[in-house]
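Coordinates as given in coords-v3.csv (CSV, C-alpha atoms and all ligand atoms):
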```
chain,number,residue,atom,x,y,z
A,1,MET,CA,0.0,0.0,0.0
A,2,SER,CA,1.4,3.3,-1.0
A,3,ALA,CA,1.1,6.6,0.8
A,4,LEU,CA,-1.9,8.7,-0.3
A,5,GLN,CA,-1.3,11.2,-3.0
A,6,ALA,CA,-3.0,14.5,-3.0
A,7,VAL,CA,-2.5,17.8,-4.8
A,8,ALA,CA,-2.4,21.3,-3.4
A,9,VAL,CA,-2.7,20.3,0.2
A,10,GLU,CA,-1.0,23.1,2.1
A,11,TRP,CA,-1.3,24.9,5.4
A,12,GLY,CA,-3.4,28.1,5.1
A,13,VAL,CA,-5.1,27.2,1.8
A,14,TRP,CA,-8.8,26.6,1.4
A,15,LEU,CA,-9.3,22.9,0.5
A,16,PRO,CA,-12.5,21.5,-1.1
A,17,ALA,CA,-15.0,19.1,0.6
A,18,PRO,CA,-17.4,18.4,-2.3
A,19,ALA,CA,-21.0,17.3,-2.1
A,20,LYS,CA,-22.1,13.8,-3.1
A,21,ILE,CA,-25.3,12.7,-4.6
A,22,ASN,CA,-26.7,9.1,-4.6
A,23,LEU,CA,-27.7,8.4,-8.2
A,24,PHE,CA,-29.7,5.5,-6.9
A,25,LEU,CA,-29.9,3.9,-3.4
A,26,HIS,CA,-31.3,0.4,-2.7
A,27,VAL,CA,-31.7,-1.1,0.7
A,28,VAL,CA,-31.0,-4.8,0.3
A,29,GLY,CA,-30.8,-6.0,3.8
A,30,ARG,CA,-30.0,-5.3,7.4
A,31,ARG,CA,-27.0,-6.2,9.6
A,32,ALA,CA,-27.3,-7.7,13.1
A,33,ASP,CA,-26.2,-4.3,14.6
A,34,GLY,CA,-29.2,-2.6,12.8
A,35,TYR,CA,-27.2,-0.8,10.1
A,36,HIS,CA,-28.7,-1.3,6.7
A,37,LEU,CA,-27.0,-3.0,3.7
A,38,LEU,CA,-27.1,-0.7,0.7
A,39,GLN,CA,-26.3,-0.6,-3.0
A,40,THR,CA,-25.8,2.9,-4.2
A,41,ALA,CA,-23.9,4.9,-6.8
A,42,PHE,CA,-22.0,8.0,-5.4
A,43,ARG,CA,-21.2,10.9,-7.6
A,44,PHE,CA,-19.3,14.0,-6.4
A,45,LEU,CA,-20.3,17.5,-7.4
A,46,ASP,CA,-18.2,20.6,-8.1
A,47,HIS,CA,-19.9,22.4,-5.2
A,48,GLY,CA,-19.2,22.0,-1.5
A,49,ASP,CA,-17.7,23.2,1.8
A,50,ARG,CA,-14.2,24.4,2.2
A,51,LEU,CA,-11.7,23.9,5.0
A,52,ARG,CA,-8.5,25.7,6.0
A,53,PHE,CA,-5.8,24.4,8.3
A,54,THR,CA,-3.2,26.2,10.5
A,55,PRO,CA,-0.6,24.4,12.6
A,56,ARG,CA,-0.8,24.6,16.4
A,57,ALA,CA,2.3,24.1,18.6
A,58,ASP,CA,0.3,22.9,21.7
A,59,GLY,CA,-1.0,19.7,20.2
A,60,ARG,CA,-4.7,20.8,20.5
A,61,VAL,CA,-7.3,20.5,17.8
A,62,HIS,CA,-9.5,23.6,17.6
A,63,ARG,CA,-12.3,24.8,15.3
A,64,LEU,CA,-11.9,28.5,14.7
A,65,ASN,CA,-15.5,29.4,13.6
A,66,ASP,CA,-19.0,28.7,14.8
A,67,VAL,CA,-21.1,26.2,12.9
A,68,PRO,CA,-24.8,26.8,13.9
A,69,GLY,CA,-26.2,23.7,15.6
A,70,VAL,CA,-22.9,21.9,15.7
A,71,PRO,CA,-20.9,22.3,19.0
A,72,GLU,CA,-17.1,22.2,18.4
A,73,ASP,CA,-16.6,18.8,20.2
A,74,ASP,CA,-19.3,17.2,18.1
A,75,ASP,CA,-18.1,18.5,14.8
A,76,LEU,CA,-17.0,15.7,12.5
A,77,VAL,CA,-14.1,17.9,11.5
A,78,VAL,CA,-12.8,18.1,15.0
A,79,ARG,CA,-13.6,14.4,15.7
A,80,ALA,CA,-11.8,13.3,12.6
A,81,ALA,CA,-8.6,15.3,13.5
A,82,ARG,CA,-8.6,13.9,17.1
A,83,LEU,CA,-9.2,10.4,15.9
A,84,LEU,CA,-6.2,10.7,13.6
A,85,GLN,CA,-4.1,11.8,16.5
A,86,ARG,CA,-5.3,8.9,18.6
A,87,GLU,CA,-4.8,6.3,15.8
A,88,THR,CA,-1.2,7.4,15.1
A,89,GLY,CA,0.1,8.9,18.4
A,90,CYS,CA,0.6,12.2,16.5
A,91,THR,CA,1.3,15.1,18.9
A,92,GLN,CA,0.9,17.9,16.4
A,93,GLY,CA,-2.1,20.2,16.7
A,94,VAL,CA,-4.3,22.2,14.3
A,95,ASP,CA,-6.7,25.1,14.0
A,96,ILE,CA,-9.5,24.3,11.5
A,97,GLU,CA,-11.8,26.8,9.7
A,98,VAL,CA,-14.9,25.4,8.1
A,99,ASP,CA,-16.7,27.4,5.4
A,100,LYS,CA,-20.1,25.6,5.4
A,101,ARG,CA,-22.0,25.9,2.2
A,102,LEU,CA,-23.8,22.5,2.1
A,103,PRO,CA,-27.1,22.2,3.9
A,104,MET,CA,-27.0,20.0,7.0
A,105,GLY,CA,-29.1,17.0,7.0
A,106,GLY,CA,-29.4,17.5,3.2
A,107,GLY,CA,-28.3,14.0,2.0
A,108,LEU,CA,-25.3,15.6,0.3
A,109,GLY,CA,-22.8,14.1,2.8
A,110,GLY,CA,-21.5,17.5,3.9
A,111,GLY,CA,-20.3,16.5,7.3
A,112,SER,CA,-18.8,13.3,5.9
A,113,SER,CA,-17.0,15.1,3.2
A,114,ASP,CA,-15.6,17.6,5.7
A,115,ALA,CA,-14.3,14.7,7.8
A,116,ALA,CA,-12.7,13.1,4.8
A,117,THR,CA,-11.0,16.3,3.8
A,118,VAL,CA,-9.6,16.5,7.3
A,119,LEU,CA,-8.3,12.9,7.1
A,120,ILE,CA,-6.7,13.4,3.7
A,121,ALA,CA,-5.3,16.9,4.5
A,122,LEU,CA,-3.9,16.1,8.0
A,123,ASN,CA,-2.4,12.8,6.8
A,124,ARG,CA,-0.4,14.9,4.4
A,125,LEU,CA,0.2,18.0,6.6
A,126,TRP,CA,1.2,16.0,9.7
A,127,GLN,CA,3.2,13.7,7.4
A,128,LEU,CA,1.6,10.5,8.8
A,129,GLY,CA,2.0,8.5,5.6
A,130,LEU,CA,-1.2,6.5,6.1
A,131,SER,CA,-2.6,4.6,3.1
A,132,ARG,CA,-5.9,5.4,1.5
A,133,GLU,CA,-7.3,2.1,2.7
A,134,ARG,CA,-6.3,2.9,6.3
A,135,LEU,CA,-7.9,6.3,6.1
A,136,GLN,CA,-11.1,4.8,4.6
A,137,ALA,CA,-11.2,2.4,7.6
A,138,ILE,CA,-10.7,5.2,10.1
A,139,GLY,CA,-13.3,7.3,8.2
A,140,LEU,CA,-15.9,4.5,8.4
A,141,THR,CA,-15.9,4.7,12.2
A,142,LEU,CA,-17.0,8.4,11.9
A,143,GLY,CA,-19.8,7.7,9.4
A,144,ALA,CA,-20.9,5.4,6.6
A,145,ASP,CA,-20.5,8.2,4.0
A,146,VAL,CA,-16.9,9.1,4.9
A,147,PRO,CA,-15.0,6.2,3.0
A,148,VAL,CA,-16.2,7.2,-0.5
A,149,PHE,CA,-14.8,10.7,-0.1
A,150,VAL,CA,-11.4,9.3,0.9
A,151,PHE,CA,-11.7,6.8,-1.9
A,152,GLY,CA,-11.9,9.8,-4.2
A,153,ARG,CA,-13.8,8.5,-7.1
A,154,SER,CA,-17.4,8.1,-8.3
A,155,ALA,CA,-18.2,4.7,-7.0
A,156,PHE,CA,-20.6,1.8,-6.8
A,157,ALA,CA,-21.0,1.1,-3.1
A,158,GLU,CA,-22.1,-2.0,-1.2
A,159,GLY,CA,-22.2,-3.0,2.5
A,160,VAL,CA,-23.0,0.2,4.4
A,161,GLY,CA,-21.1,2.2,1.8
A,162,GLU,CA,-17.6,0.9,2.5
A,163,ARG,CA,-17.2,-1.7,-0.3
A,164,LEU,CA,-16.4,0.6,-3.3
A,165,GLN,CA,-15.7,0.1,-7.0
A,166,PRO,CA,-14.8,3.0,-9.2
A,167,LEU,CA,-17.4,4.2,-11.8
A,168,GLN,CA,-16.9,6.0,-15.0
A,169,LEU,CA,-20.1,8.1,-15.5
A,170,PRO,CA,-21.3,10.1,-18.5
A,171,PRO,CA,-20.8,13.9,-18.1
A,172,ALA,CA,-23.9,15.4,-16.4
A,173,ALA,CA,-25.0,18.6,-14.7
A,174,TYR,CA,-27.4,18.8,-11.8
A,175,LEU,CA,-29.9,21.2,-10.3
A,176,VAL,CA,-30.0,20.5,-6.6
A,177,VAL,CA,-32.8,21.9,-4.5
A,178,ALA,CA,-32.6,22.1,-0.6
A,179,PRO,CA,-36.1,22.5,0.6
A,180,GLY,CA,-35.2,24.2,3.8
A,181,VAL,CA,-35.6,21.2,6.1
A,182,SER,CA,-33.0,19.1,7.8
A,183,VAL,CA,-33.6,15.3,7.7
A,184,PRO,CA,-32.0,13.2,10.4
A,185,THR,CA,-30.6,10.0,8.7
A,186,PRO,CA,-31.4,7.7,11.6
A,187,ARG,CA,-35.1,8.7,11.5
A,188,ILE,CA,-35.4,7.5,7.9
A,189,PHE,CA,-33.6,4.2,8.4
A,190,ALA,CA,-35.7,3.5,11.6
A,191,ASP,CA,-39.1,3.9,9.8
A,192,PRO,CA,-41.1,0.7,9.9
A,193,ASP,CA,-42.4,1.2,6.3
A,194,LEU,CA,-38.9,1.4,4.8
A,195,THR,CA,-38.4,-1.1,2.0
A,196,ARG,CA,-35.5,-3.3,3.2
A,197,ASP,CA,-35.5,-6.1,0.7
A,198,THR,CA,-34.8,-4.7,-2.7
A,199,GLU,CA,-33.3,-7.4,-4.9
A,200,ALA,CA,-29.5,-7.1,-5.1
A,201,CYS,CA,-28.1,-5.9,-8.5
A,202,LYS,CA,-24.6,-5.9,-10.0
A,203,ILE,CA,-22.4,-3.1,-10.9
A,204,ALA,CA,-22.7,-4.2,-14.5
A,205,ASP,CA,-26.5,-3.7,-14.3
A,206,PHE,CA,-26.0,-0.1,-13.3
A,207,ALA,CA,-23.1,0.5,-15.8
A,208,ALA,CA,-25.2,-0.9,-18.6
A,209,SER,CA,-27.9,1.8,-18.0
A,210,PRO,CA,-27.0,3.9,-21.0
A,211,SER,CA,-29.1,7.1,-21.0
A,212,ILE,CA,-28.5,10.3,-19.3
A,213,ASP,CA,-32.3,10.8,-19.4
A,214,ARG,CA,-32.9,7.7,-17.3
A,215,LEU,CA,-31.5,6.8,-14.0
A,216,PHE,CA,-31.0,3.3,-12.9
A,217,GLY,CA,-33.2,2.0,-10.0
A,218,ARG,CA,-34.6,4.3,-7.4
A,219,ASN,CA,-34.0,5.7,-3.9
A,220,ASP,CA,-35.6,3.4,-1.4
A,221,LEU,CA,-35.3,6.2,1.3
A,222,GLN,CA,-37.3,8.7,-0.8
A,223,PRO,CA,-40.9,7.5,-0.1
A,224,VAL,CA,-40.2,7.5,3.7
A,225,ALA,CA,-38.6,11.0,3.6
A,226,ALA,CA,-41.3,12.4,1.4
A,227,ARG,CA,-44.0,11.1,3.8
A,228,LEU,CA,-42.3,12.4,6.9
A,229,TYR,CA,-41.2,15.7,5.5
A,230,PRO,CA,-43.8,17.4,3.3
A,231,GLU,CA,-41.1,19.9,2.1
A,232,VAL,CA,-39.3,16.9,0.4
A,233,SER,CA,-42.5,15.8,-1.3
A,234,GLN,CA,-43.2,19.4,-2.4
A,235,ALA,CA,-39.6,19.7,-3.9
A,236,ILE,CA,-40.0,16.4,-5.8
A,237,SER,CA,-43.4,17.5,-7.2
A,238,LEU,CA,-42.1,21.0,-8.1
A,239,LEU,CA,-39.0,19.7,-9.9
A,240,ALA,CA,-40.9,16.9,-11.6
A,241,ALA,CA,-43.5,19.4,-12.9
A,242,GLU,CA,-40.9,21.7,-14.4
A,243,ALA,CA,-37.9,19.4,-15.3
A,244,GLY,CA,-39.4,18.0,-18.6
A,245,ALA,CA,-37.7,14.7,-19.4
A,246,ALA,CA,-35.0,15.0,-16.8
A,247,VAL,CA,-34.9,12.5,-13.9
A,248,VAL,CA,-35.8,13.9,-10.5
A,249,ARG,CA,-34.7,12.1,-7.4
A,250,MET,CA,-33.8,12.6,-3.8
A,251,SER,CA,-30.2,12.2,-2.6
A,252,GLY,CA,-29.2,10.0,0.3
A,253,SER,CA,-31.7,10.3,3.2
A,254,GLY,CA,-32.8,13.7,2.0
A,255,ALA,CA,-33.8,16.5,2.1
A,256,CYS,CA,-32.1,17.5,-1.2
A,257,VAL,CA,-33.7,16.6,-4.5
A,258,PHE,CA,-31.8,16.8,-7.8
A,259,ALA,CA,-32.6,16.9,-11.5
A,260,GLN,CA,-30.0,15.4,-13.9
A,261,TYR,CA,-29.2,17.0,-17.3
A,262,ALA,CA,-26.6,16.3,-20.0
A,263,ASP,CA,-26.2,20.1,-20.4
A,264,ILE,CA,-25.4,22.6,-17.6
A,265,GLU,CA,-27.4,25.3,-19.4
A,266,ALA,CA,-30.6,23.2,-19.2
A,267,ALA,CA,-30.0,22.8,-15.4
A,268,ARG,CA,-29.5,26.6,-15.1
A,269,GLN,CA,-32.7,27.3,-17.0
A,270,LEU,CA,-34.6,25.1,-14.7
A,271,GLN,CA,-33.1,26.8,-11.7
A,272,HIS,CA,-34.2,30.2,-13.2
A,273,ARG,CA,-37.7,29.0,-13.8
A,274,LEU,CA,-38.1,27.4,-10.3
A,275,ALA,CA,-36.4,30.2,-8.3
A,276,ALA,CA,-39.5,32.4,-8.7
A,277,GLN,CA,-41.7,29.6,-7.2
A,278,TRP,CA,-39.5,28.5,-4.3
A,279,PRO,CA,-40.9,29.1,-0.8
A,280,ALA,CA,-38.7,31.3,1.4
A,281,GLY,CA,-35.9,29.3,2.9
A,282,TRP,CA,-35.3,27.0,0.0
A,283,GLN,CA,-32.0,27.0,-1.8
A,284,GLY,CA,-30.8,25.7,-5.1
A,285,PHE,CA,-27.5,25.3,-6.9
A,286,VAL,CA,-26.3,24.0,-10.2
A,287,ALA,CA,-23.2,21.8,-10.3
A,288,GLN,CA,-21.3,19.6,-12.7
A,289,GLY,CA,-20.9,15.9,-11.8
A,290,LEU,CA,-17.3,15.0,-11.1
A,291,ASP,CA,-15.8,11.5,-11.4
A,292,GLU,CA,-12.8,12.5,-9.2
A,293,HIS,CA,-12.5,14.2,-5.8
A,294,PRO,CA,-11.1,17.6,-6.5
A,295,LEU,CA,-8.3,17.1,-3.9
A,296,PHE,CA,-6.8,14.1,-5.8
A,297,ARG,CA,-4.4,13.9,-8.7
A,298,SER,CA,-5.4,11.4,-11.4
A,299,SER,CA,-4.3,8.1,-9.8
A,300,PRO,CA,-5.8,4.6,-9.6
A,301,ALA,CA,-8.4,4.4,-6.8
A,302,GLY,CA,-6.3,1.7,-5.0
A,303,GLU,CA,-3.3,3.9,-4.6
A,401,LIG,C1,-28.0,7.6,3.4
A,401,LIG,C2,-26.5,7.7,3.1
A,401,LIG,O1,-26.2,9.1,3.1
A,401,LIG,C3,-26.3,7.2,1.7
A,401,LIG,O2,-25.1,7.6,1.1
A,401,LIG,C4,-25.7,7.0,4.1
A,401,LIG,O3,-26.0,5.6,4.2
A,401,LIG,C5,-25.8,7.6,5.5
A,401,LIG,O4,-24.5,7.8,5.9
A,401,LIG,P1,-24.1,8.7,7.2
A,401,LIG,O5,-24.9,10.0,7.2
A,401,LIG,O6,-22.6,8.8,7.2
A,401,LIG,O7,-24.7,7.9,8.3
A,401,LIG,P2,-24.1,7.4,9.7
A,401,LIG,O8,-23.7,8.7,10.5
A,401,LIG,O9,-23.1,6.4,9.5
A,401,LIG,O10,-25.4,6.7,10.4
A,401,LIG,C6,-26.4,7.5,11.0
A,401,LIG,C7,-27.5,6.5,11.4
A,401,LIG,O11,-28.2,6.0,10.2
A,401,LIG,C8,-28.5,4.7,10.3
A,401,LIG,N1,-27.9,4.0,9.2
A,401,LIG,C9,-26.9,4.6,8.5
A,401,LIG,C10,-26.3,4.0,7.4
A,401,LIG,C11,-26.7,2.7,7.0
A,401,LIG,N2,-26.2,2.0,6.0
A,401,LIG,N3,-27.7,2.1,7.8
A,401,LIG,C12,-28.3,2.7,8.8
A,401,LIG,O12,-29.2,2.2,9.4
A,401,LIG,C13,-28.0,4.2,11.6
A,401,LIG,O13,-29.1,4.3,12.5
A,401,LIG,C14,-27.0,5.2,12.0
A,401,LIG,O14,-26.8,5.3,13.4
A,402,LIG,N1,-18.9,19.4,9.9
A,402,LIG,C1,-20.2,19.1,9.9
A,402,LIG,N2,-21.0,19.5,8.9
A,402,LIG,C2,-22.3,19.1,8.9
A,402,LIG,N3,-22.9,18.4,9.9
A,402,LIG,C3,-22.1,18.0,10.9
A,402,LIG,C4,-20.8,18.3,11.0
A,402,LIG,N4,-20.3,17.7,12.1
A,402,LIG,C5,-21.3,17.1,12.7
A,402,LIG,N5,-22.5,17.3,12.0
A,402,LIG,C6,-23.8,16.7,12.3
A,402,LIG,O1,-24.1,15.7,11.4
A,402,LIG,C7,-25.5,15.9,11.0
A,402,LIG,C8,-25.6,15.4,9.5
A,402,LIG,O2,-24.9,16.2,8.7
A,402,LIG,P1,-24.7,16.0,7.1
A,402,LIG,O3,-24.8,17.4,6.5
A,402,LIG,O4,-23.4,15.3,6.9
A,402,LIG,O5,-25.9,15.1,6.8
A,402,LIG,P2,-26.4,14.7,5.4
A,402,LIG,O6,-26.2,15.8,4.4
A,402,LIG,O7,-27.8,14.2,5.6
A,402,LIG,O8,-25.4,13.6,5.0
A,402,LIG,P3,-25.7,12.1,4.6
A,402,LIG,O9,-25.9,12.1,3.1
A,402,LIG,O10,-24.4,11.5,5.0
A,402,LIG,O11,-26.8,11.6,5.4
A,402,LIG,C9,-25.8,17.3,11.1
A,402,LIG,O12,-27.2,17.6,11.4
A,402,LIG,C10,-24.9,17.7,12.3
A,402,LIG,O13,-25.6,17.6,13.5
```
Would you give me this structure, written as structure tokens?
Amino acid sequence: MSALQAVAVEWGVWLPAPAKINLFLHVVGRRADGYHLLQTAFRFLDHGDRLRFTPRADGRVHRLNDVPGVPEDDDLVVRAARLLQRETGCTQGVDIEVDKRLPMGGGLGGGSSDAATVLIALNRLWQLGLSRERLQAIGLTLGADVPVFVFGRSAFAEGVGERLQPLQLPPAAYLVVAPGVSVPTPRIFADPDLTRDTEACKIADFAASPSIDRLFGRNDLQPVAARLYPEVSQAISLLAAEAGAAVVRMSGSGACVFAQYADIEAARQLQHRLAAQWPAGWQGFVAQGLDEHPLFRSSPAGE
């Protein structure tokens, strides 16, 4: 296993923590510990949070800015840095600034992506030399969505999201709408009406799905989130009514809903049309789908 390669990881520079969307998400079973077994396709977007790191001489890990609703000690950013210290015996410290742009409880993996950027960046800045596989395993203890951000590629995922195979996806642009509500992931997975027995598919089934206008499978979490959160249901209806032939789907456990287009202009036009109809508190952004995490140089996923 080679040391992780990353580009432009420097002290004092803003580093990206991109959003992810789940192109489809099937719940295929449940583990003895209650966690659900999934099959999903992760895609990164060129829109996300940003983090900046400054060294500290006293060995402490400190978040410099407030994040509304997230106390410093609970922040996945701070927890990731302290975990890395514990795992490696590292005595170096760090100040971390977080520029939150992604909605929390949005299904875009914001907190997980922040944590992954911390793991990748501090592995480099503290010169720990951990492999990508080791960082993925450490990340998994913070959350099921962390490993894919460390993996650094669009991926077909199984297990709880830790068994990953890289995917090559057609270029696509997305309008993502955040309907002003935060959806707690555990509430969706705990719902008695959740479909938990979708038939398992293979990566080849997904990869064979040829059209940009059609998305493979479905999101099994969507009916539950739409029932529990009327804002999610409203966002799906609004997008579906205006998106023409584009596929409209919820990401992760919600609340965000996306429409996929081949052409970024089409996504921008939809944003323009919808912005006038959005209730106060809703937000939307247009982003290009990425196949590679913006922190990584082109390198095979196993490196
Ligand atoms: C819905 C997804 O975003 C899809 O990418 C992820 O599966 C969720 O990943 P995450 O937000 O990192 O979730 P975690 O913080 O690991 O888990 C939060 C809670 O959701 C439930 N949970 C999560 C993932 C999973 N595969 N099965 C579950 O049942 C568990 O109750 C868990 O305690
Ligand atoms: N740095 C962080 N950024 C966002 N949320 C954080 C962070 N640290 C801890 N959290 C907690 O994690 C919760 C879920 O955050 P996150 O934005 O990652 O959820 P999500 O977008 O639904 O992600 P997922 O797709 O993984 O379910 C938040 O409500 C917050 O309480």
Item to check | Residues within 9 Å of region 36-46 of chain A, all atoms listed in the file, excluding chain neighbours under 5 positions, as an MDAnalysis selection string | outcome: chainID A and resid 18:31 148:149 152:161 167 169 173:174 189 196 200:202 206 219 287:294
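The smallest atom-to-atom distance between ligand LIG 401 (chain A) and any of A:Ala204, A:Ala116, A:Leu238, A:Val247, using only C-alpha atoms and all ligand atoms, is found for A:Ala116.
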Checklist entry - Using only C-alpha atoms, which of the listed residues (A:Asp145, A:Asp114, A:Gln92, A:Glu87) sits closest to Gly48 (chain A)? => result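 That would be A:Asp114, the residue with the smallest distance to Gly48 (chain A).
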Checklist entry - Smallest atom-to-atom distance to Ala172 (chain A): which of A:Val77, A:Val286, A:Ala207, A:Ala144, using all atoms listed in the file? => result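 For Ala172 (chain A), the nearest of the given residues is A:Val286.
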Checklist entry - Please, which residues have at least one atom within 9 Å of an atom of ligand LIG 402 (chain A), using all atoms listed in the file, listed as a ChimeraX atom specification? => result /A:19-22,49,67,69-79,98,100,102-115,143-146,182-186,251-256
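Checking A:Asn123, A:Thr198, A:Thr91, A:Thr141 one by one against ligand LIG 401 (chain A), counting only C-alpha atoms and all ligand atoms, you find the shortest gap at A:Thr141.
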Checklist entry - Quick one, how far is CA of Pro166 (chain A) from CA of Ala178 (chain A)? => result 27.5 Å
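Residues within 9 Å of Ala262 (chain A), counting only C-alpha atoms and excluding same-chain residues fewer than 2 positions away, are Pro170, Pro171, Ala172, Ala173, Tyr174, Ile212, Asp213, Gln260, Ile264, Ala266 and Ala267 of chain A.
For the residues A:Val61, A:Ile188, A:Ile120, A:Leu270, ranking by smallest atom-to-atom distance to ligand LIG 401 (chain A) using only C-alpha atoms and all ligand atoms places A:Ile188 first.
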Item to check | Top pick for closest residue to Val176 (chain A), considering A:Gly284, A:Gly217, A:Pro55, A:Gly34 and counting all atoms listed in the file | outcome: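 Going through A:Gly284, A:Gly217, A:Pro55, A:Gly34 one by one, the smallest distance to Val176 (chain A) is for A:Gly284.
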Checklist entry - Mind pulling up the distance from CA of Leu221 (chain A) to atom C8 of ligand LIG 401 (chain A)? => result 11.4 Å
Item to check | Computed interatomic separation between CA of Leu295 (chain A) and CA of Arg86 (chain A) (Å) | outcome: 24.1 Å
Point (-10.7, 8.1, 15.2) neighbourhood (6 Å, only C-alpha atoms) written as an mmCIF file with C-alpha atoms, in the frame of the given file:
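Listed below is the output, result-v4.cif:
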```
data_model
loop_
_atom_site.group_PDB
_atom_site.id
_atom_site.type_symbol
_atom_site.label_atom_id
_atom_site.label_comp_id
_atom_site.auth_asym_id
_atom_site.auth_seq_id
_atom_site.Cartn_x
_atom_site.Cartn_y
_atom_site.Cartn_z
ATOM 1 C CA ALA A 80 -11.800 13.300 12.600
ATOM 2 C CA LEU A 83 -9.200 10.400 15.900
ATOM 3 C CA LEU A 84 -6.200 10.700 13.600
ATOM 4 C CA ILE A 138 -10.700 5.200 10.100
#
```
Could you pull the residues within 10 Å of Asp191 (chain A), counting all atoms listed in the file, minus those fewer than 6 positions along the same chain, as a short mmCIF file (atom, residue, chain, number, x, y, z; two decimals) with C-alpha atoms, in the coordinates of the input?
```
data_model
loop_
_atom_site.label_atom_id
_atom_site.label_comp_id
_atom_site.auth_asym_id
_atom_site.auth_seq_id
_atom_site.Cartn_x
_atom_site.Cartn_y
_atom_site.Cartn_z
CA LEU A 221 -35.30 6.20 1.30
CA VAL A 224 -40.20 7.50 3.70
CA ALA A 225 -38.60 11.00 3.60
CA LEU A 228 -42.30 12.40 6.90
#
```
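Residues lying at most 7 Å from (-10.6, 7.9, 5.8) in file coordinates, with all atoms listed in the file considered, are Ala116, Leu119, Arg132, Arg134, Leu135, Gln136, Ala137, Ile138, Gly139, Leu140, Val146, Pro147 and Val150 of chain A.
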